[in-house]
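Engineer: Sharing coords_31.cif below, mmCIF, N, CA and C atoms:
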```
data_entry
#
loop_
_atom_site.label_atom_id
_atom_site.label_comp_id
_atom_site.auth_asym_id
_atom_site.auth_seq_id
_atom_site.Cartn_x
_atom_site.Cartn_y
_atom_site.Cartn_z
N MET E 1 24.01 21.31 -24.12
CA MET E 1 23.90 19.86 -24.14
C MET E 1 24.15 19.29 -22.75
N ARG E 2 25.21 19.79 -22.12
CA ARG E 2 25.56 19.30 -20.79
C ARG E 2 24.47 19.61 -19.78
N LYS E 3 23.90 20.82 -19.86
CA LYS E 3 22.82 21.22 -18.96
C LYS E 3 21.59 20.34 -19.19
N THR E 4 21.32 20.02 -20.46
CA THR E 4 20.17 19.17 -20.78
C THR E 4 20.34 17.78 -20.17
N LEU E 5 21.53 17.21 -20.29
CA LEU E 5 21.80 15.88 -19.71
C LEU E 5 21.68 15.91 -18.19
N LEU E 6 22.22 16.95 -17.58
CA LEU E 6 22.14 17.09 -16.13
C LEU E 6 20.68 17.22 -15.68
N LEU E 7 19.92 18.06 -16.35
CA LEU E 7 18.51 18.25 -16.01
C LEU E 7 17.73 16.95 -16.21
N THR E 8 17.98 16.25 -17.30
CA THR E 8 17.31 14.97 -17.57
C THR E 8 17.64 13.97 -16.47
N GLY E 9 18.90 13.92 -16.07
CA GLY E 9 19.32 13.00 -15.01
C GLY E 9 18.64 13.32 -13.69
N LEU E 10 18.58 14.60 -13.34
CA LEU E 10 17.93 15.01 -12.10
C LEU E 10 16.44 14.68 -12.13
N LEU E 11 15.79 14.91 -13.25
CA LEU E 11 14.38 14.57 -13.37
C LEU E 11 14.16 13.07 -13.23
N ALA E 12 15.01 12.27 -13.82
CA ALA E 12 14.88 10.81 -13.73
C ALA E 12 15.03 10.35 -12.29
N VAL E 13 15.99 10.92 -11.57
CA VAL E 13 16.16 10.56 -10.15
C VAL E 13 14.94 11.00 -9.36
N GLY E 14 14.44 12.20 -9.61
CA GLY E 14 13.27 12.70 -8.90
C GLY E 14 12.05 11.85 -9.13
N VAL E 15 11.81 11.44 -10.38
CA VAL E 15 10.65 10.62 -10.71
C VAL E 15 10.79 9.24 -10.08
N SER E 16 11.97 8.63 -10.17
CA SER E 16 12.12 7.28 -9.62
C SER E 16 12.01 7.28 -8.11
N SER E 17 12.38 8.38 -7.45
CA SER E 17 12.27 8.42 -6.00
C SER E 17 10.83 8.64 -5.55
N CYS E 18 9.92 8.97 -6.49
CA CYS E 18 8.51 9.16 -6.15
C CYS E 18 7.76 7.83 -6.03
N GLU E 19 8.35 6.76 -6.51
CA GLU E 19 7.72 5.46 -6.37
C GLU E 19 7.70 5.12 -4.88
N LYS E 20 6.56 4.95 -4.31
CA LYS E 20 6.44 4.81 -2.87
C LYS E 20 6.05 3.41 -2.43
N VAL E 21 6.15 2.44 -3.31
CA VAL E 21 5.92 1.06 -2.91
C VAL E 21 7.26 0.52 -2.42
N HIS E 22 7.27 0.04 -1.19
CA HIS E 22 8.50 -0.43 -0.59
C HIS E 22 8.39 -1.92 -0.27
N PRO E 23 9.45 -2.68 -0.50
CA PRO E 23 9.43 -4.08 -0.08
C PRO E 23 9.39 -4.12 1.45
N GLY E 24 8.69 -5.10 1.99
CA GLY E 24 8.52 -5.19 3.44
C GLY E 24 9.81 -5.26 4.21
N TYR E 25 10.83 -5.89 3.65
CA TYR E 25 12.08 -6.03 4.38
C TYR E 25 12.80 -4.68 4.56
N ARG E 26 12.36 -3.66 3.84
CA ARG E 26 12.96 -2.34 3.98
C ARG E 26 12.26 -1.46 5.01
N LEU E 27 11.17 -1.94 5.57
CA LEU E 27 10.46 -1.14 6.58
C LEU E 27 11.29 -1.07 7.85
N SER E 28 11.24 0.08 8.48
CA SER E 28 11.99 0.25 9.73
C SER E 28 11.33 -0.55 10.84
N GLU E 29 12.09 -0.83 11.86
CA GLU E 29 11.55 -1.53 13.03
C GLU E 29 10.45 -0.68 13.67
N LYS E 30 10.60 0.64 13.62
CA LYS E 30 9.58 1.54 14.16
C LYS E 30 8.24 1.36 13.42
N THR E 31 8.30 1.26 12.10
CA THR E 31 7.08 1.06 11.30
C THR E 31 6.47 -0.31 11.59
N ILE E 32 7.29 -1.34 11.65
CA ILE E 32 6.80 -2.69 11.98
C ILE E 32 6.11 -2.68 13.34
N GLN E 33 6.73 -2.04 14.31
CA GLN E 33 6.14 -1.96 15.65
C GLN E 33 4.83 -1.19 15.64
N ARG E 34 4.75 -0.12 14.83
CA ARG E 34 3.51 0.65 14.72
C ARG E 34 2.38 -0.23 14.18
N LEU E 35 2.69 -1.03 13.15
CA LEU E 35 1.68 -1.93 12.57
C LEU E 35 1.22 -2.95 13.61
N ARG E 36 2.13 -3.45 14.41
CA ARG E 36 1.76 -4.40 15.48
C ARG E 36 0.90 -3.70 16.53
N ASN E 37 1.29 -2.50 16.92
CA ASN E 37 0.52 -1.75 17.92
C ASN E 37 -0.89 -1.42 17.43
N LEU E 38 -1.04 -1.22 16.14
CA LEU E 38 -2.36 -0.94 15.55
C LEU E 38 -3.20 -2.21 15.40
N GLY E 39 -2.60 -3.37 15.64
CA GLY E 39 -3.31 -4.64 15.48
C GLY E 39 -3.40 -5.09 14.03
N LEU E 40 -2.52 -4.56 13.18
CA LEU E 40 -2.55 -4.90 11.76
C LEU E 40 -1.44 -5.86 11.36
N LEU E 41 -0.66 -6.32 12.32
CA LEU E 41 0.44 -7.23 12.03
C LEU E 41 0.70 -8.12 13.24
N ASP E 42 0.64 -9.42 13.04
CA ASP E 42 0.95 -10.38 14.09
C ASP E 42 2.46 -10.55 14.18
N SER E 43 2.92 -11.10 15.29
CA SER E 43 4.36 -11.28 15.48
C SER E 43 4.98 -12.24 14.46
N ASN E 44 4.19 -13.19 13.97
CA ASN E 44 4.71 -14.17 13.00
C ASN E 44 4.30 -13.84 11.57
N GLU E 45 3.93 -12.61 11.32
CA GLU E 45 3.45 -12.17 10.01
C GLU E 45 4.51 -11.28 9.35
N ARG E 46 4.68 -11.42 8.05
CA ARG E 46 5.69 -10.67 7.32
C ARG E 46 5.03 -9.79 6.26
N VAL E 47 5.44 -8.54 6.17
CA VAL E 47 4.94 -7.61 5.16
C VAL E 47 5.69 -7.87 3.86
N TYR E 48 4.93 -8.05 2.76
CA TYR E 48 5.54 -8.22 1.44
C TYR E 48 5.82 -6.88 0.78
N GLU E 49 4.77 -6.03 0.66
CA GLU E 49 4.94 -4.72 0.06
C GLU E 49 4.10 -3.71 0.83
N PHE E 50 4.59 -2.47 0.86
CA PHE E 50 3.98 -1.41 1.66
C PHE E 50 3.97 -0.13 0.83
N TYR E 51 2.85 0.57 0.84
CA TYR E 51 2.72 1.85 0.14
C TYR E 51 2.18 2.90 1.11
N THR E 52 2.74 4.10 1.03
CA THR E 52 2.19 5.22 1.76
C THR E 52 2.30 6.48 0.92
N ASN E 53 1.31 7.34 1.07
CA ASN E 53 1.38 8.66 0.45
C ASN E 53 1.20 9.73 1.51
N ALA E 54 1.37 9.35 2.76
CA ALA E 54 1.20 10.28 3.88
C ALA E 54 2.36 11.27 3.91
N PRO E 55 2.09 12.50 4.30
CA PRO E 55 3.15 13.51 4.36
C PRO E 55 4.31 13.09 5.27
N ASP E 56 4.01 12.46 6.37
CA ASP E 56 5.08 12.03 7.26
C ASP E 56 5.28 10.52 7.17
N LYS E 57 5.20 10.04 5.96
CA LYS E 57 5.47 8.63 5.61
C LYS E 57 4.53 7.68 6.33
N ALA E 58 5.06 6.59 6.82
CA ALA E 58 4.25 5.50 7.34
C ALA E 58 3.56 5.83 8.65
N ALA E 59 3.92 6.92 9.30
CA ALA E 59 3.28 7.25 10.57
C ALA E 59 1.80 7.54 10.41
N GLY E 60 1.43 8.20 9.30
CA GLY E 60 0.05 8.64 9.15
C GLY E 60 -0.84 7.77 8.30
N ALA E 61 -0.24 6.97 7.41
CA ALA E 61 -1.06 6.15 6.52
C ALA E 61 -0.23 5.03 5.93
N GLY E 62 -0.90 3.94 5.61
CA GLY E 62 -0.21 2.84 4.97
C GLY E 62 -1.18 1.87 4.33
N ASN E 63 -0.69 1.19 3.32
CA ASN E 63 -1.45 0.17 2.59
C ASN E 63 -0.47 -0.95 2.32
N PHE E 64 -0.85 -2.18 2.63
CA PHE E 64 0.11 -3.26 2.47
C PHE E 64 -0.57 -4.62 2.41
N TYR E 65 0.23 -5.62 1.99
CA TYR E 65 -0.21 -7.00 2.06
C TYR E 65 0.90 -7.82 2.70
N THR E 66 0.48 -8.88 3.37
CA THR E 66 1.41 -9.67 4.18
C THR E 66 1.25 -11.15 3.85
N THR E 67 1.87 -11.96 4.66
CA THR E 67 1.73 -13.40 4.55
C THR E 67 0.32 -13.85 4.91
N LYS E 68 -0.47 -12.96 5.56
CA LYS E 68 -1.80 -13.35 6.05
C LYS E 68 -2.96 -12.47 5.60
N ARG E 69 -2.69 -11.22 5.23
CA ARG E 69 -3.80 -10.27 5.04
C ARG E 69 -3.46 -9.12 4.11
N LEU E 70 -4.52 -8.34 3.81
CA LEU E 70 -4.42 -7.04 3.15
C LEU E 70 -4.87 -6.00 4.18
N ALA E 71 -4.24 -4.82 4.17
CA ALA E 71 -4.60 -3.83 5.19
C ALA E 71 -4.40 -2.41 4.69
N HIS E 72 -5.15 -1.51 5.33
CA HIS E 72 -5.07 -0.07 5.07
C HIS E 72 -5.27 0.64 6.40
N TYR E 73 -4.48 1.68 6.63
CA TYR E 73 -4.74 2.54 7.79
C TYR E 73 -4.50 3.99 7.42
N TRP E 74 -5.24 4.85 8.09
CA TRP E 74 -5.09 6.29 7.94
C TRP E 74 -5.29 6.89 9.32
N LEU E 75 -4.31 7.63 9.80
CA LEU E 75 -4.34 8.19 11.14
C LEU E 75 -4.18 9.71 11.07
N PRO E 76 -5.28 10.42 10.79
CA PRO E 76 -5.19 11.89 10.70
C PRO E 76 -5.03 12.50 12.10
N SER E 77 -4.76 13.78 12.15
CA SER E 77 -4.60 14.45 13.44
C SER E 77 -5.88 14.38 14.28
N ASP E 78 -7.03 14.36 13.63
CA ASP E 78 -8.30 14.19 14.33
C ASP E 78 -8.53 12.69 14.52
N LYS E 79 -8.22 12.18 15.70
CA LYS E 79 -8.27 10.74 15.98
C LYS E 79 -9.65 10.12 15.78
N ARG E 80 -10.70 10.94 15.79
CA ARG E 80 -12.05 10.41 15.55
C ARG E 80 -12.22 9.93 14.12
N LYS E 81 -11.32 10.35 13.23
CA LYS E 81 -11.41 9.97 11.82
C LYS E 81 -10.44 8.84 11.46
N ASN E 82 -9.81 8.24 12.46
CA ASN E 82 -8.88 7.13 12.19
C ASN E 82 -9.57 6.02 11.41
N GLN E 83 -8.81 5.41 10.49
CA GLN E 83 -9.30 4.25 9.74
C GLN E 83 -8.30 3.12 9.90
N LEU E 84 -8.77 2.00 10.39
CA LEU E 84 -7.97 0.78 10.50
C LEU E 84 -8.76 -0.33 9.85
N ASN E 85 -8.28 -0.83 8.74
CA ASN E 85 -8.99 -1.88 8.00
C ASN E 85 -8.03 -2.99 7.62
N SER E 86 -8.46 -4.21 7.84
CA SER E 86 -7.67 -5.33 7.35
C SER E 86 -8.59 -6.53 7.17
N ALA E 87 -8.13 -7.45 6.36
CA ALA E 87 -8.88 -8.70 6.15
C ALA E 87 -7.86 -9.81 5.94
N TYR E 88 -8.01 -10.86 6.73
CA TYR E 88 -7.21 -12.05 6.47
C TYR E 88 -7.67 -12.63 5.14
N TYR E 89 -6.77 -13.27 4.44
CA TYR E 89 -7.10 -13.79 3.12
C TYR E 89 -8.35 -14.68 3.15
N ALA E 90 -8.51 -15.49 4.18
CA ALA E 90 -9.66 -16.39 4.27
C ALA E 90 -10.98 -15.63 4.42
N GLU E 91 -10.93 -14.38 4.86
CA GLU E 91 -12.14 -13.56 5.04
C GLU E 91 -12.57 -12.85 3.76
N ILE E 92 -11.72 -12.83 2.76
CA ILE E 92 -11.97 -12.04 1.54
C ILE E 92 -12.78 -12.83 0.53
N ALA E 93 -13.88 -12.23 0.09
CA ALA E 93 -14.74 -12.86 -0.93
C ALA E 93 -14.33 -12.41 -2.33
N ARG E 94 -13.88 -11.14 -2.43
CA ARG E 94 -13.63 -10.58 -3.76
C ARG E 94 -12.65 -9.42 -3.67
N ILE E 95 -11.83 -9.26 -4.72
CA ILE E 95 -10.94 -8.10 -4.84
C ILE E 95 -11.15 -7.50 -6.23
N ASP E 96 -11.48 -6.22 -6.26
CA ASP E 96 -11.64 -5.49 -7.52
C ASP E 96 -10.57 -4.41 -7.59
N THR E 97 -10.04 -4.18 -8.78
CA THR E 97 -9.00 -3.16 -8.94
C THR E 97 -9.52 -1.99 -9.76
N THR E 98 -9.06 -0.81 -9.40
CA THR E 98 -9.39 0.42 -10.13
C THR E 98 -8.09 1.16 -10.38
N TYR E 99 -7.76 1.31 -11.65
CA TYR E 99 -6.53 1.99 -12.05
C TYR E 99 -6.82 3.44 -12.37
N LEU E 100 -6.18 4.34 -11.65
CA LEU E 100 -6.34 5.77 -11.88
C LEU E 100 -4.96 6.42 -12.06
N ASP E 101 -4.03 5.69 -12.63
CA ASP E 101 -2.65 6.16 -12.76
C ASP E 101 -2.49 7.36 -13.68
N LYS E 102 -3.43 7.61 -14.55
CA LYS E 102 -3.32 8.76 -15.46
C LYS E 102 -3.90 10.04 -14.84
N SER E 103 -4.49 9.91 -13.68
CA SER E 103 -5.08 11.05 -13.00
C SER E 103 -4.04 11.74 -12.11
N LEU E 104 -4.07 13.05 -12.08
CA LEU E 104 -3.16 13.78 -11.20
C LEU E 104 -3.70 13.92 -9.79
N THR E 105 -4.98 13.71 -9.60
CA THR E 105 -5.59 13.96 -8.30
C THR E 105 -6.15 12.71 -7.61
N TYR E 106 -6.20 11.58 -8.30
CA TYR E 106 -6.74 10.37 -7.69
C TYR E 106 -5.69 9.28 -7.71
N ILE E 107 -5.89 8.27 -6.88
CA ILE E 107 -4.92 7.20 -6.74
C ILE E 107 -5.59 5.85 -7.00
N SER E 108 -4.87 4.93 -7.59
CA SER E 108 -5.41 3.60 -7.88
C SER E 108 -5.68 2.86 -6.57
N TYR E 109 -6.63 1.92 -6.62
CA TYR E 109 -6.96 1.19 -5.40
C TYR E 109 -7.57 -0.17 -5.72
N MET E 110 -7.51 -1.03 -4.71
CA MET E 110 -8.21 -2.31 -4.73
C MET E 110 -9.36 -2.19 -3.74
N THR E 111 -10.53 -2.65 -4.14
CA THR E 111 -11.64 -2.73 -3.20
C THR E 111 -11.68 -4.15 -2.68
N ILE E 112 -11.55 -4.28 -1.38
CA ILE E 112 -11.55 -5.57 -0.72
C ILE E 112 -12.96 -5.79 -0.17
N THR E 113 -13.64 -6.82 -0.66
CA THR E 113 -14.97 -7.16 -0.16
C THR E 113 -14.83 -8.43 0.67
N LYS E 114 -15.22 -8.30 1.92
CA LYS E 114 -15.12 -9.45 2.82
C LYS E 114 -16.38 -10.31 2.69
N LYS E 115 -16.30 -11.52 3.19
CA LYS E 115 -17.43 -12.44 3.13
C LYS E 115 -18.65 -11.93 3.88
N ASP E 116 -18.45 -11.02 4.85
CA ASP E 116 -19.58 -10.43 5.57
C ASP E 116 -20.14 -9.20 4.84
N SER E 117 -19.68 -8.96 3.60
CA SER E 117 -20.10 -7.87 2.71
C SER E 117 -19.50 -6.50 3.06
N SER E 118 -18.73 -6.39 4.11
CA SER E 118 -18.07 -5.12 4.40
C SER E 118 -16.95 -4.92 3.38
N ARG E 119 -16.57 -3.65 3.20
CA ARG E 119 -15.59 -3.30 2.18
C ARG E 119 -14.61 -2.26 2.71
N PHE E 120 -13.44 -2.25 2.12
CA PHE E 120 -12.48 -1.18 2.32
C PHE E 120 -11.55 -1.14 1.12
N GLN E 121 -10.79 -0.04 1.01
CA GLN E 121 -9.88 0.12 -0.11
C GLN E 121 -8.43 0.04 0.37
N VAL E 122 -7.59 -0.50 -0.51
CA VAL E 122 -6.14 -0.49 -0.33
C VAL E 122 -5.61 0.35 -1.49
N PHE E 123 -4.95 1.46 -1.17
CA PHE E 123 -4.52 2.43 -2.17
C PHE E 123 -3.05 2.23 -2.54
N VAL E 124 -2.75 2.42 -3.82
CA VAL E 124 -1.38 2.32 -4.30
C VAL E 124 -1.17 3.35 -5.40
N GLY E 125 -0.17 4.18 -5.24
CA GLY E 125 0.14 5.19 -6.24
C GLY E 125 1.42 4.86 -6.98
N GLY E 126 1.60 5.53 -8.09
CA GLY E 126 2.80 5.34 -8.89
C GLY E 126 2.43 5.05 -10.32
N LYS E 127 3.44 4.71 -11.08
CA LYS E 127 3.23 4.38 -12.49
C LYS E 127 2.51 3.03 -12.59
N LYS E 128 1.78 2.87 -13.68
CA LYS E 128 0.94 1.68 -13.84
C LYS E 128 1.69 0.36 -13.64
N PRO E 129 2.91 0.18 -14.15
CA PRO E 129 3.59 -1.10 -13.92
C PRO E 129 3.83 -1.40 -12.42
N VAL E 130 4.12 -0.37 -11.65
CA VAL E 130 4.35 -0.54 -10.21
C VAL E 130 3.04 -0.90 -9.52
N VAL E 131 1.99 -0.17 -9.85
CA VAL E 131 0.68 -0.43 -9.27
C VAL E 131 0.18 -1.82 -9.66
N ARG E 132 0.29 -2.15 -10.93
CA ARG E 132 -0.16 -3.46 -11.42
C ARG E 132 0.59 -4.58 -10.69
N SER E 133 1.88 -4.44 -10.52
CA SER E 133 2.67 -5.45 -9.83
C SER E 133 2.19 -5.64 -8.39
N PHE E 134 1.97 -4.53 -7.68
CA PHE E 134 1.46 -4.61 -6.31
C PHE E 134 0.12 -5.35 -6.29
N PHE E 135 -0.81 -4.93 -7.15
CA PHE E 135 -2.13 -5.55 -7.21
C PHE E 135 -2.04 -7.04 -7.53
N GLU E 136 -1.28 -7.38 -8.55
CA GLU E 136 -1.18 -8.78 -8.98
C GLU E 136 -0.56 -9.66 -7.92
N HIS E 137 0.48 -9.17 -7.25
CA HIS E 137 1.10 -9.97 -6.20
C HIS E 137 0.17 -10.13 -5.00
N ALA E 138 -0.51 -9.07 -4.62
CA ALA E 138 -1.45 -9.16 -3.49
C ALA E 138 -2.56 -10.16 -3.81
N ILE E 139 -3.11 -10.09 -5.01
CA ILE E 139 -4.19 -11.01 -5.42
C ILE E 139 -3.67 -12.44 -5.49
N ALA E 140 -2.45 -12.63 -5.96
CA ALA E 140 -1.87 -13.97 -6.02
C ALA E 140 -1.73 -14.58 -4.62
N HIS E 141 -1.33 -13.78 -3.65
CA HIS E 141 -1.23 -14.28 -2.27
C HIS E 141 -2.59 -14.63 -1.71
N TRP E 142 -3.59 -13.82 -2.02
CA TRP E 142 -4.96 -14.11 -1.57
C TRP E 142 -5.44 -15.43 -2.19
N ARG E 143 -5.27 -15.57 -3.50
CA ARG E 143 -5.71 -16.80 -4.18
C ARG E 143 -5.00 -18.03 -3.65
N ALA E 144 -3.71 -17.91 -3.39
CA ALA E 144 -2.95 -19.04 -2.89
C ALA E 144 -3.41 -19.47 -1.49
N ALA E 145 -3.93 -18.52 -0.73
CA ALA E 145 -4.36 -18.81 0.65
C ALA E 145 -5.80 -19.31 0.72
N LYS E 146 -6.55 -19.20 -0.38
CA LYS E 146 -7.97 -19.62 -0.38
C LYS E 146 -8.12 -21.11 -0.19
#
```
Would you kindly transcribe this structure into structure tokens?
Structural biologist:
Amino acid sequence: MRKTLLLTGLLAVGVSSCEKVHPGYRLSEKTIQRLRNLGLLDSNERVYEFYTNAPDKAAGAGNFYTTKRLAHYWLPSDKRKNQLNSAYYAEIARIDTTYLDKSLTYISYMTITKKDSSRFQVFVGGKKPVVRSFFEHAIAHWRAAK
């Protein structure tokens, strides 16, 4: 019985620590500076929520929404494959959501369609309530800024 409780507790801690959506105020100054250096964050802009599934955390990839925009970046070791995408809320024509939370190999995402018809995805992993919350809050900020 004691072993079962201990194992259950360890599993619960392990699962809860896998949630990778972080409130913006918890981002390190190094991460904030990286976003600024990438041109994805202005000095007067605040990150609301941030998600990464990169092996070395926020250094290699990130998905987030701010007081002004939605953004995604991926910086693989092959710099020719770098992806830097963002759209200010006023530039966004449409946001579509795709939930893939039941899949072991795919991740949920929002497709951001800009008024110029270009598109990019903002990815968010985790359990459906966490993903849904991220999506709903990001969309609410976009709608409020329209």
Engineer: Check the smallest atom-to-atom distance from each of E:Asn53, E:Ile139, E:Glu91, E:Ala145 to Tyr106 of chain E using only C-alpha atoms, then report the winner.
Structural biologist: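 Once distances to Tyr106 of chain E are computed over only C-alpha atoms, the minimum belongs to E:Asn53.
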Engineer: Which one is closest to Asn44 of chain E: E:Thr97, E:Leu27, E:Lys68, E:Lys102? Count only N, CA and C atoms.
Structural biologist: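 Checking each candidate against Asn44 of chain E, we get E:Lys68 as the closest.
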Engineer: Excluding Arg94 of chain E and residues on its chain fewer than 5 positions from it, collect all residues at most 6.5 Å away from it, counting all atoms listed in the file, and give them as number ranges by chain.
Structural biologist: E: 111-115
Engineer: Using DSSP on the backbone, list every residue of chain E that comes out as strand (DSSP E or B), and give them as a PyMOL selection string.
Structural biologist: chain E and resi 21-23+47-51+61-66+69-74+83-88+92-98+108-114+119-124
Engineer: Suppose you want the space between atom C of Gly62 of chain E and atom C of Ser43 of chain E; what is it in Å?
Structural biologist: 18.4 Å
Engineer: On this structure, the PyMOL selection byres ((chain E and resi 123) around 6.5) would catch which residues? List them as JSON, numbers by chain, sorted by chain and number.
Structural biologist: {"E": [51, 63, 72, 107, 108, 109, 110, 121, 122, 124, 125]}
Engineer: Limited to N, CA and C atoms, could you put the picked residues into a file as a short mmCIF file (atom, residue, chain, number, x, y, z; two decimals), in the coordinates of the input?
Structural biologist:
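Here's the written file out.cif:
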```cif
data_model
loop_
_atom_site.label_atom_id
_atom_site.label_comp_id
_atom_site.auth_asym_id
_atom_site.auth_seq_id
_atom_site.Cartn_x
_atom_site.Cartn_y
_atom_site.Cartn_z
N TYR E 51 2.85 0.57 0.84
CA TYR E 51 2.72 1.85 0.14
C TYR E 51 2.18 2.90 1.11
N ASN E 63 -0.69 1.19 3.32
CA ASN E 63 -1.45 0.17 2.59
C ASN E 63 -0.47 -0.95 2.32
N HIS E 72 -5.15 -1.51 5.33
CA HIS E 72 -5.07 -0.07 5.07
C HIS E 72 -5.27 0.64 6.40
N ILE E 107 -5.89 8.27 -6.88
CA ILE E 107 -4.92 7.20 -6.74
C ILE E 107 -5.59 5.85 -7.00
N SER E 108 -4.87 4.93 -7.59
CA SER E 108 -5.41 3.60 -7.88
C SER E 108 -5.68 2.86 -6.57
N TYR E 109 -6.63 1.92 -6.62
CA TYR E 109 -6.96 1.19 -5.40
C TYR E 109 -7.57 -0.17 -5.72
N MET E 110 -7.51 -1.03 -4.71
CA MET E 110 -8.21 -2.31 -4.73
C MET E 110 -9.36 -2.19 -3.74
N GLN E 121 -10.79 -0.04 1.01
CA GLN E 121 -9.88 0.12 -0.11
C GLN E 121 -8.43 0.04 0.37
N VAL E 122 -7.59 -0.50 -0.51
CA VAL E 122 -6.14 -0.49 -0.33
C VAL E 122 -5.61 0.35 -1.49
N VAL E 124 -2.75 2.42 -3.82
CA VAL E 124 -1.38 2.32 -4.30
C VAL E 124 -1.17 3.35 -5.40
N GLY E 125 -0.17 4.18 -5.24
CA GLY E 125 0.14 5.19 -6.24
C GLY E 125 1.42 4.86 -6.98
#
```
Engineer: Rounded to one decimal in Å, what is the spacing between atom C of Thr31 of chain E and atom CA of Lys79 of chain E?
Structural biologist: 18.9 Å
Engineer: Need the shell around Ala138 of chain E: protein/DNA/RNA residues with any atom at most 8 Å away, counting all atoms listed in the file. Skip same-chain ones fewer than 4 positions apart. Format as a PyMOL selection string?
Structural biologist: chain E and resi 64-66+69-70+132-134+142-144
Engineer: Run through the PyMOL selection byres ((chain E and resi 25) around 6) on the given coordinates and return the selected residues as a list of chain:residue names.
Structural biologist: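 Listing what the PyMOL selection byres ((chain E and resi 25) around 6) selects in the shown file: E:Pro23, E:Gly24, E:Arg26, E:Leu27, E:Val47, E:Tyr48.
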Engineer: Mind checking DSSP for segment 83-133 of chain E and telling me the helix (DSSP H, G or I) residues as a PyMOL selection string?
Structural biologist: chain E and resi 89-91+128-133
Engineer: How many Å separate atom CA of His137 of chain E from atom N of Lys30 of chain E?
Structural biologist: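 So the two atoms, atom CA of His137 of chain E and atom N of Lys30 of chain E, lie 24.4 Å apart.
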Engineer: I need the residue nearest Glu49 of chain E from this list: E:Lys81, E:Arg34, E:His141, E:His22. Use only N, CA and C atoms for the distance.
Structural biologist: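 That would be E:His22, the residue with the smallest distance to Glu49 of chain E.
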